[in-house]
file target.txt (compact mmCIF, C-alpha atoms)
# COMPACT_ATOMS: atom_id res chain seq x y z
CA MET H 1 0.00 0.00 0.00
CA VAL H 2 1.13 3.51 -0.78
CA ARG H 3 -0.15 6.61 0.96
CA ILE H 4 -2.19 8.87 -1.32
CA LYS H 5 -0.91 12.44 -1.55
CA SER H 6 -3.51 14.22 -3.68
CA ILE H 7 -6.99 14.10 -5.17
CA GLU H 8 -5.35 14.12 -8.60
CA GLU H 9 -3.73 10.75 -7.86
CA ILE H 10 -7.16 9.26 -7.16
CA GLN H 11 -8.56 10.67 -10.39
CA ASN H 12 -5.61 9.35 -12.39
CA PHE H 13 -5.99 5.82 -11.01
CA THR H 14 -9.70 5.79 -11.80
CA CYS H 15 -9.10 7.11 -15.31
CA PHE H 16 -6.52 4.36 -15.88
CA ILE H 17 -9.05 1.59 -15.23
CA ARG H 18 -11.56 3.31 -17.51
CA SER H 19 -8.93 3.64 -20.23
CA LEU H 20 -8.54 -0.15 -20.39
CA ARG H 21 -12.05 -0.32 -21.87
CA LYS H 22 -12.63 -3.77 -20.39
CA GLY H 23 -15.60 -2.80 -18.23
CA LEU H 24 -15.98 -1.05 -14.89
CA ILE H 25 -17.29 -2.00 -11.45
CA THR H 26 -16.71 0.13 -8.37
CA ASN H 27 -17.83 0.94 -4.85
CA PHE H 28 -15.79 4.16 -4.76
CA TYR H 29 -17.31 7.58 -5.41
CA LEU H 30 -15.03 10.56 -5.13
CA ASN H 31 -15.96 13.14 -2.51
CA VAL H 32 -13.34 15.86 -2.74
CA GLU H 33 -14.05 17.37 0.69
CA LYS H 34 -14.09 14.08 2.60
CA HIS H 35 -11.23 12.41 0.76
CA SER H 36 -9.06 15.53 1.06
CA ILE H 37 -9.49 15.24 4.83
CA TRP H 38 -8.38 11.60 4.74
CA ILE H 39 -5.37 12.49 2.58
CA GLU H 40 -4.36 15.36 4.87
CA ALA H 41 -4.57 13.04 7.89
CA GLY H 42 -2.32 10.47 6.15
CA GLU H 43 -4.90 7.69 6.50
CA PHE H 44 -5.80 7.02 2.84
CA PHE H 45 -3.84 4.47 0.78
CA VAL H 46 -3.80 2.93 -2.69
CA HIS H 47 -2.83 -0.51 -3.96
CA GLU H 48 -2.48 -0.85 -7.73
CA THR H 49 -2.88 -4.01 -9.85
CA PRO H 50 -3.12 -4.35 -13.65
CA GLU H 51 -6.93 -4.36 -13.74
CA CYS H 52 -8.00 -3.27 -10.27
CA ILE H 53 -7.24 -0.28 -8.07
CA PHE H 54 -7.85 -0.54 -4.32
CA PHE H 55 -8.26 2.44 -2.02
CA LEU H 56 -7.97 1.79 1.71
CA HIS H 57 -9.05 4.10 4.51
CA GLU H 58 -7.43 3.29 7.84
CA ASN H 59 -9.93 3.15 10.71
CA GLY H 60 -7.92 2.24 13.79
CA ASN H 61 -8.00 -1.57 13.89
CA PHE H 62 -9.40 -2.14 10.37
CA TYR H 63 -9.41 -0.76 6.84
CA HIS H 64 -12.43 0.32 4.86
CA LEU H 65 -11.77 -1.08 1.38
CA PHE H 66 -12.85 0.52 -1.91
CA PHE H 67 -12.21 -0.75 -5.43
CA THR H 68 -12.39 0.21 -9.08
CA ALA H 69 -11.97 -2.81 -11.33
CA THR H 70 -12.62 -3.98 -14.88
CA SER H 71 -14.80 -6.90 -13.75
CA THR H 72 -15.88 -9.07 -10.85
CA ASP H 73 -13.31 -11.67 -11.91
CA SER H 74 -10.43 -9.17 -11.91
CA LEU H 75 -11.56 -7.85 -8.51
CA CYS H 76 -11.58 -11.32 -6.95
CA ALA H 77 -8.29 -12.32 -8.55
CA ALA H 78 -6.58 -9.16 -7.29
CA LEU H 79 -8.01 -9.58 -3.78
CA GLN H 80 -6.78 -13.15 -3.48
CA LYS H 81 -3.21 -11.98 -4.14
CA ALA H 82 -3.26 -8.72 -2.14
CA SER H 83 -0.91 -8.60 0.87
CA PHE H 84 -3.26 -6.26 2.77
CA CYS H 85 -5.78 -9.11 3.11
CA ASN H 86 -3.94 -10.02 6.31
CA GLU H 87 -5.63 -6.95 7.81
CA LEU H 88 -9.27 -6.76 8.90
CA LEU H 89 -11.18 -5.34 5.93
CA SER H 90 -14.69 -3.93 5.65
CA ILE H 91 -16.12 -3.55 2.16
CA ASP H 92 -19.49 -2.10 1.10
CA ILE H 93 -21.26 -3.53 -1.93
CA LEU H 94 -24.19 -1.44 -3.15
CA GLY H 95 -26.91 -2.59 -5.49
CA ALA H 96 -30.00 -4.75 -5.80
CA LYS H 97 -30.99 -7.37 -3.24
CA GLU H 98 -29.57 -10.05 -5.53
CA ASN H 99 -25.96 -9.00 -6.02
CA VAL H 100 -23.39 -10.81 -8.18
CA VAL H 101 -20.37 -8.93 -6.77
CA LYS H 102 -21.38 -9.68 -3.19
CA ASP H 103 -21.84 -13.36 -3.99
CA ALA H 104 -18.45 -13.53 -5.73
CA LEU H 105 -16.66 -12.02 -2.71
CA VAL H 106 -18.41 -14.45 -0.38
CA ASN H 107 -17.15 -17.28 -2.59
CA ILE H 108 -13.52 -16.21 -2.03
CA GLY H 109 -13.80 -15.99 1.75
CA PHE H 110 -15.60 -12.79 2.72
CA TYR H 111 -18.80 -13.05 4.75
CA GLU H 112 -21.89 -10.90 5.07
CA TYR H 113 -21.51 -8.99 8.32
CA LYS H 114 -24.54 -6.73 8.02
CA SER H 115 -26.92 -5.45 5.38
CA LEU H 116 -28.53 -2.04 5.14
CA TYR H 117 -31.17 -0.61 2.86
CA ARG H 118 -32.16 2.93 2.07
CA MET H 119 -35.42 4.52 3.18
CA TYR H 120 -36.68 7.71 1.64
CA HIS H 121 -39.43 10.31 1.68
CA ILE H 122 -40.38 12.27 -1.43
CA GLY H 123 -41.79 15.80 -1.23
CA TYR H 124 -41.36 18.75 1.08
CA PRO H 125 -41.00 17.63 4.71
CA LEU H 126 -43.75 18.34 7.19
CA GLN H 127 -43.07 21.52 9.15
CA TYR H 128 -43.50 21.62 12.90
CA GLU H 129 -44.50 24.54 15.10
CA MET H 130 -41.57 25.10 17.43
CA GLU H 131 -40.73 27.86 19.87
CA LYS H 132 -37.10 26.82 19.66
CA ILE H 133 -35.04 24.40 17.57
CA ALA H 134 -32.14 22.24 18.75
CA ASP H 135 -28.72 23.78 19.30
CA VAL H 136 -26.11 23.63 16.55
CA ALA H 137 -22.92 21.81 17.60
CA THR H 138 -19.70 23.81 17.86
CA ILE H 139 -16.09 22.75 17.52
CA LYS H 140 -15.92 22.44 21.32
CA ASP H 141 -18.32 19.48 21.05
CA ILE H 142 -16.22 17.47 18.59
CA ASP H 143 -14.52 15.08 21.05
CA GLU H 144 -17.80 14.31 22.82
CA ILE H 145 -19.63 13.68 19.54
CA TYR H 146 -16.80 11.49 18.24
CA HIS H 147 -16.90 9.41 21.44
CA ILE H 148 -20.69 9.00 21.27
CA LEU H 149 -20.65 7.85 17.65
CA ASN H 150 -17.88 5.30 18.21
CA GLN H 151 -19.48 4.03 21.40
CA ASP H 152 -23.10 3.67 20.26
CA PHE H 153 -22.70 2.88 16.54
CA ASP H 154 -20.72 0.20 14.73
CA PRO H 155 -17.60 1.54 12.95
CA LEU H 156 -17.38 -1.62 10.83
CA SER H 157 -20.76 -1.08 9.17
CA GLU H 158 -21.90 2.50 9.78
CA GLN H 159 -18.99 4.59 8.48
CA ILE H 160 -18.35 6.73 11.55
CA PRO H 161 -16.97 10.15 10.54
CA THR H 162 -13.39 10.99 11.42
CA LYS H 163 -12.74 14.04 13.58
CA GLY H 164 -11.79 15.90 10.43
CA GLU H 165 -15.14 15.04 8.85
CA LEU H 166 -16.95 16.08 12.04
CA ALA H 167 -15.13 19.42 11.99
CA LEU H 168 -16.34 19.92 8.42
CA ALA H 169 -19.94 19.03 9.40
CA ILE H 170 -19.76 21.44 12.33
CA SER H 171 -18.51 24.21 10.04
CA LYS H 172 -21.54 23.57 7.81
CA LYS H 173 -23.90 23.56 10.82
CA GLU H 174 -24.91 19.98 10.04
CA ILE H 175 -24.96 18.60 13.59
CA LEU H 176 -27.81 19.41 15.99
CA ILE H 177 -27.54 18.51 19.68
CA PHE H 178 -29.64 18.31 22.84
CA ARG H 179 -27.74 18.92 26.05
CA ALA H 180 -28.66 18.07 29.65
CA GLU H 181 -26.55 17.87 32.80
CA SER H 182 -23.79 19.65 30.85
CA LYS H 183 -23.50 16.69 28.45
CA ILE H 184 -24.83 15.83 25.00
CA LYS H 185 -27.81 13.54 25.44
CA GLY H 186 -29.10 13.62 21.87
CA LEU H 187 -27.75 14.45 18.43
CA ILE H 188 -28.65 14.35 14.78
CA LEU H 189 -25.99 14.49 12.06
CA PHE H 190 -27.07 15.18 8.49
CA GLU H 191 -26.02 16.43 5.07
CA LEU H 192 -28.10 19.12 3.44
CA SER H 193 -28.13 20.25 -0.17
CA LYS H 194 -30.56 22.38 -2.12
CA LEU H 195 -32.90 19.49 -2.96
CA ASN H 196 -31.82 16.57 -0.74
CA MET H 197 -31.44 15.83 2.95
CA TYR H 198 -29.41 12.80 4.00
CA LEU H 199 -29.85 11.87 7.66
CA ARG H 200 -26.68 10.06 8.77
CA PHE H 201 -26.95 9.56 12.56
CA TRP H 202 -29.86 10.07 14.95
CA TRP H 203 -29.13 9.26 18.59
CA VAL H 204 -30.58 9.76 22.07
CA ASP H 205 -28.94 8.60 25.28
CA LYS H 206 -30.70 5.50 26.63
CA MET H 207 -31.51 7.25 29.92
CA TYR H 208 -33.26 10.07 28.05
CA ARG H 209 -35.39 8.09 25.63
CA ASN H 210 -39.20 8.27 25.62
CA GLN H 211 -38.97 11.95 26.56
CA HIS H 212 -39.60 13.29 23.02
CA ILE H 213 -35.96 14.33 22.60
CA GLY H 214 -35.59 12.33 19.40
CA ALA H 215 -38.72 13.96 18.01
CA PHE H 216 -37.46 17.40 19.04
CA LEU H 217 -34.21 16.82 17.13
CA TYR H 218 -36.00 15.43 14.08
CA HIS H 219 -38.56 18.26 14.00
CA SER H 220 -35.70 20.77 14.29
CA LEU H 221 -33.98 19.15 11.32
CA MET H 222 -37.16 19.14 9.21
CA ASN H 223 -37.51 22.88 9.73
CA LEU H 224 -33.95 23.35 8.47
CA ALA H 225 -34.62 20.99 5.54
CA LYS H 226 -37.94 22.58 4.58
CA GLY H 227 -36.77 23.35 1.03
CA THR H 228 -35.67 19.81 0.20
CA LYS H 229 -37.73 17.49 -1.99
CA ARG H 230 -36.12 14.17 -1.02
CA GLN H 231 -35.09 12.97 2.43
CA MET H 232 -33.24 9.69 2.94
CA HIS H 233 -31.44 7.51 5.41
CA TRP H 234 -29.64 4.14 5.45
CA VAL H 235 -30.95 1.71 8.08
CA ILE H 236 -29.58 -1.64 9.23
CA SER H 237 -32.04 -4.25 7.98
CA THR H 238 -32.42 -5.86 11.43
CA ASN H 239 -32.96 -2.59 13.32
CA ASP H 240 -36.72 -2.89 13.73
CA ASN H 241 -37.01 0.07 16.10
CA ALA H 242 -35.34 2.44 13.66
CA ILE H 243 -37.37 1.13 10.72
CA LYS H 244 -40.60 1.63 12.68
CA ARG H 245 -39.56 5.17 13.57
CA TYR H 246 -38.83 6.14 9.97
CA LYS H 247 -42.09 4.61 8.76
CA HIS H 248 -43.88 6.76 11.34
CA TYR H 249 -42.44 9.83 9.60
CA GLY H 250 -43.52 8.63 6.17
CA TYR H 251 -40.33 6.98 4.91
CA ILE H 252 -40.58 3.93 2.68
CA ALA H 253 -38.01 1.28 1.79
CA GLU H 254 -36.07 1.58 -1.43
CA SER H 255 -34.77 -1.41 -3.40
CA LEU H 256 -31.15 -0.33 -2.87
CA TYR H 257 -29.03 -2.41 -0.53
CA ASP H 258 -25.62 -1.97 1.06
CA TYR H 259 -23.99 -5.27 1.96
CA VAL H 260 -21.15 -4.90 4.44
CA LEU H 261 -18.65 -7.73 4.03
CA LEU H 262 -15.71 -8.61 6.26
CA ASN H 263 -12.79 -10.90 5.53
CA LYS H 264 -12.43 -12.07 9.14
CA LYS H 265 -14.89 -13.09 11.83
CA VAL H 266 -15.27 -10.54 14.64

call {"tool": "encode", "arguments": {"input": "target.txt", "output": "structure tokens"}}
result
Amino acid sequence: MVRIKSIEEIQNFTCFIRSLRKGLITNFYLNVEKHSIWIEAGEFFVHETPECIFFLHENGNFYHLFFTATSTDSLCAALQKASFCNELLSIDILGAKENVVKDALVNIGFYEYKSLYRMYHIGYPLQYEMEKIADVATIKDIDEIYHILNQDFDPLSEQIPTKGELALAISKKEILIFRAESKIKGLILFELSKLNMYLRFWWVDKMYRNQHIGAFLYHSLMNLAKGTKRQMHWVISTNDNAIKRYKHYGYIAESLYDYVLLNKKV
């Protein structure tokens, strides 16, 4: 593996695979802001093979693995020879419920750790009458938020933001919090564009649940997202409580799945 030094390197590697004109499969989608943060932190790597490029993001005790390859066969062949397979790897495969790439990786030794699917709501979100909305997180909250996310969510399957990514979200005012006893007891982290709202994390401390804090955070977000026409969220397929909550707010399941595969049992 070689440490990536620039966004241009990433673009060049991707263009190389395309230039082979042998086909293209990928689970990597360039996000200049996010990937620049990873590069600056020295935690983003590349491994090059003749027909497959791997990008690896270091996440403490494992690597999140991305690929751009000419075919499923070239992907599997390259993986079986890659030295980094001694490390714990997490790989996301997006697509339909029946997925050829996922099945091929399982056949060479990966296993399905978790599956997620996307839920969405189309149309302007319902607005709520509120005297006050939730507080916007500040940079002083970053360590506490980072700790909460890593403690109450699964880094292997839920793509916990790095501190650099959290700093970016805070600068964009894309984290709302509820505080009690001088500590964060609820938060909602989202990405907002002109037409879309992507809800990434929605959390309330177990001791503060059933007190309408989650609803307060969600209603606050919907007032900020009032101009969007599509709202969406990924949910773990076995998380019945979360699925029920989203259905309550009018979300429906989409036929887009994210299979999280690992190469080692944990």

call {"tool": "closest_residue", "arguments": {"input": "target.txt", "among": "H:Pro161, H:Gly123, H:Pro155, H:Gly227", "to": "Asp143 of chain H", "atoms": "all atoms listed in the file"}}
result
H:Pro161

call {"tool": "closest_residue", "arguments": {"input": "target.txt", "among": "H:Leu116, H:Met207, H:Leu221, H:Val136", "to": "Thr238 of chain H", "atoms": "all atoms listed in the file"}}
result
H:Leu116

call {"tool": "residues_around", "arguments": {"input": "target.txt", "residues": "Leu256 of chain H", "least_positions_apart": "3", "cutoff": "12 Å", "atoms": "only C-alpha atoms", "output": "NGL selection string"}}
result
:H and (93-99 or 115-120 or 232-235 or 237 or 252-253 or 259)

call {"tool": "closest_residue", "arguments": {"input": "target.txt", "among": "H:Val106, H:Ile175, H:Leu224, H:Met1", "to": "Val46 of chain H", "atoms": "all atoms listed in the file"}}
result
H:Met1

call {"tool": "atom_distance", "arguments": {"input": "target.txt", "atom1": "atom CA of Leu88 of chain H", "atom2": "atom CA of Ile243 of chain H"}}
result
29.2 Å
